[in-house]
Amino acid sequence: MADIEVPVGELTLRTLAMPADANAAGDIFGGWVMAQMDLACGIRAAERAKGRVVTAAVREMAFAKPMKVGDTLCVYIDITKVGRTSMTLRVEAWAQRYLSDVMERVTHADIIMVALDGDGKPSPIPPE
């Protein structure tokens with residue numbers, strides 16, 4: 001029996017891929033998917049840091065499958081490491097295919113977020 005891939009992490013963002021987010025062939029722009037992943041990381045990291053965060057780095061990202069107009073993008077986040085002022089989040093982007101229960105992983109990446117204080121300087125992340 002084949003292994004069935006399932007998302008890892010907490011569902012943090014769901015949004016619909018619309019025609020304005022696509023090229024003439026109906027494929028969703030990779031940059032749009034990346035922006036949604038970054039947005040989801042900002043939500044999850046700010047919750048964990050209990051304050052302002054910024055994206056510091058995105059580790060390697062490759063697209064395995066296309067997203068199409070009408071698909072629902074589902075972004076899952078797993079915080080894999082918390083340092084003094086930064087954290088690493090494993091981000092998976094999945095496409096729930098239009099009018100179907102089929103879920104396929106589109107891409108994944110590790111994104112590093114840094115907590116900032118009111119002056120924009122790195123700030124310690126509080127313990128859980």
# chains A, B, ... in the order shown; residues from 1 in each chain; ligands from 1

$ select_by_dssp --residues "chain A" --states "strand (DSSP E or B)" --output "number ranges by chain"
A: 10-16, 22, 27-28, 53-58, 68, 72-82, 86-96, 103-116, 122

$ select_by_dssp --residues "chain A" --states "helix (DSSP H, G or I)" --output "list in words"
Pro19, Ala20, Asp21, Gly30, Gly31, Trp32, Val33, Met34, Ala35, Gln36, Met37, Asp38, Leu39, Ala40, Cys41, Gly42, Ile43, Arg44, Ala45, Ala46, Glu47, Arg48 and Ala49 of chain A

$ residues_around --residues "A:Met37" --least-positions-apart "3" --cutoff "9 Å" --atoms "only C-alpha atoms" --output "PyMOL selection string"
chain A and resi 13+32-34+40-42+75-77+91-93+108-109

$ atom_distance --atom1 "atom CA of A:Lys68" --atom2 "atom CA of A:Leu99"
12.0 Å

$ closest_residue --among "A:Gly31, A:Pro66, A:Pro19, A:Gly51" --to "A:Leu116" --atoms "only C-alpha atoms"
A:Gly51

$ closest_residue --among "A:Leu39, A:Leu73, A:Ala57, A:Ile4" --to "A:Ala17" --atoms "only C-alpha atoms"
A:Leu73

$ closest_residue --among "A:Cys74, A:Met87, A:Met67, A:Val6" --to "A:Val114" --atoms "only C-alpha atoms"
A:Met87

$ residues_around --residues "A:Lys65" --least-positions-apart "2" --cutoff "12 Å" --atoms "only C-alpha atoms" --output "short mmCIF file (atom, residue, chain, number, x, y, z; two decimals) with C-alpha atoms, in the first residue's frame"
data_model
loop_
_atom_site.label_atom_id
_atom_site.label_comp_id
_atom_site.auth_asym_id
_atom_site.auth_seq_id
_atom_site.Cartn_x
_atom_site.Cartn_y
_atom_site.Cartn_z
CA ASP A 27 -1.50 28.64 -13.12
CA ILE A 28 -1.16 30.59 -9.88
CA PHE A 29 2.00 32.70 -9.60
CA GLY A 30 4.64 31.20 -7.31
CA VAL A 33 1.95 31.32 -2.95
CA ALA A 62 10.91 24.35 -4.89
CA PHE A 63 7.45 23.94 -6.36
CA MET A 67 -1.90 25.64 -8.08
CA LYS A 68 -4.82 26.46 -10.33
CA ALA A 93 1.60 24.93 1.22
CA TRP A 94 -1.13 22.52 0.10
CA ALA A 95 -3.70 22.86 -2.66
CA GLN A 96 -7.19 21.61 -1.97
CA ARG A 97 -8.28 21.04 -5.54
CA MET A 103 -5.10 17.70 -1.17
CA GLU A 104 -1.66 17.97 -2.81
CA ARG A 105 1.48 19.56 -1.39
CA VAL A 106 2.55 22.42 -3.64
CA THR A 107 5.74 23.47 -1.86
CA HIS A 108 7.43 23.76 1.53
#
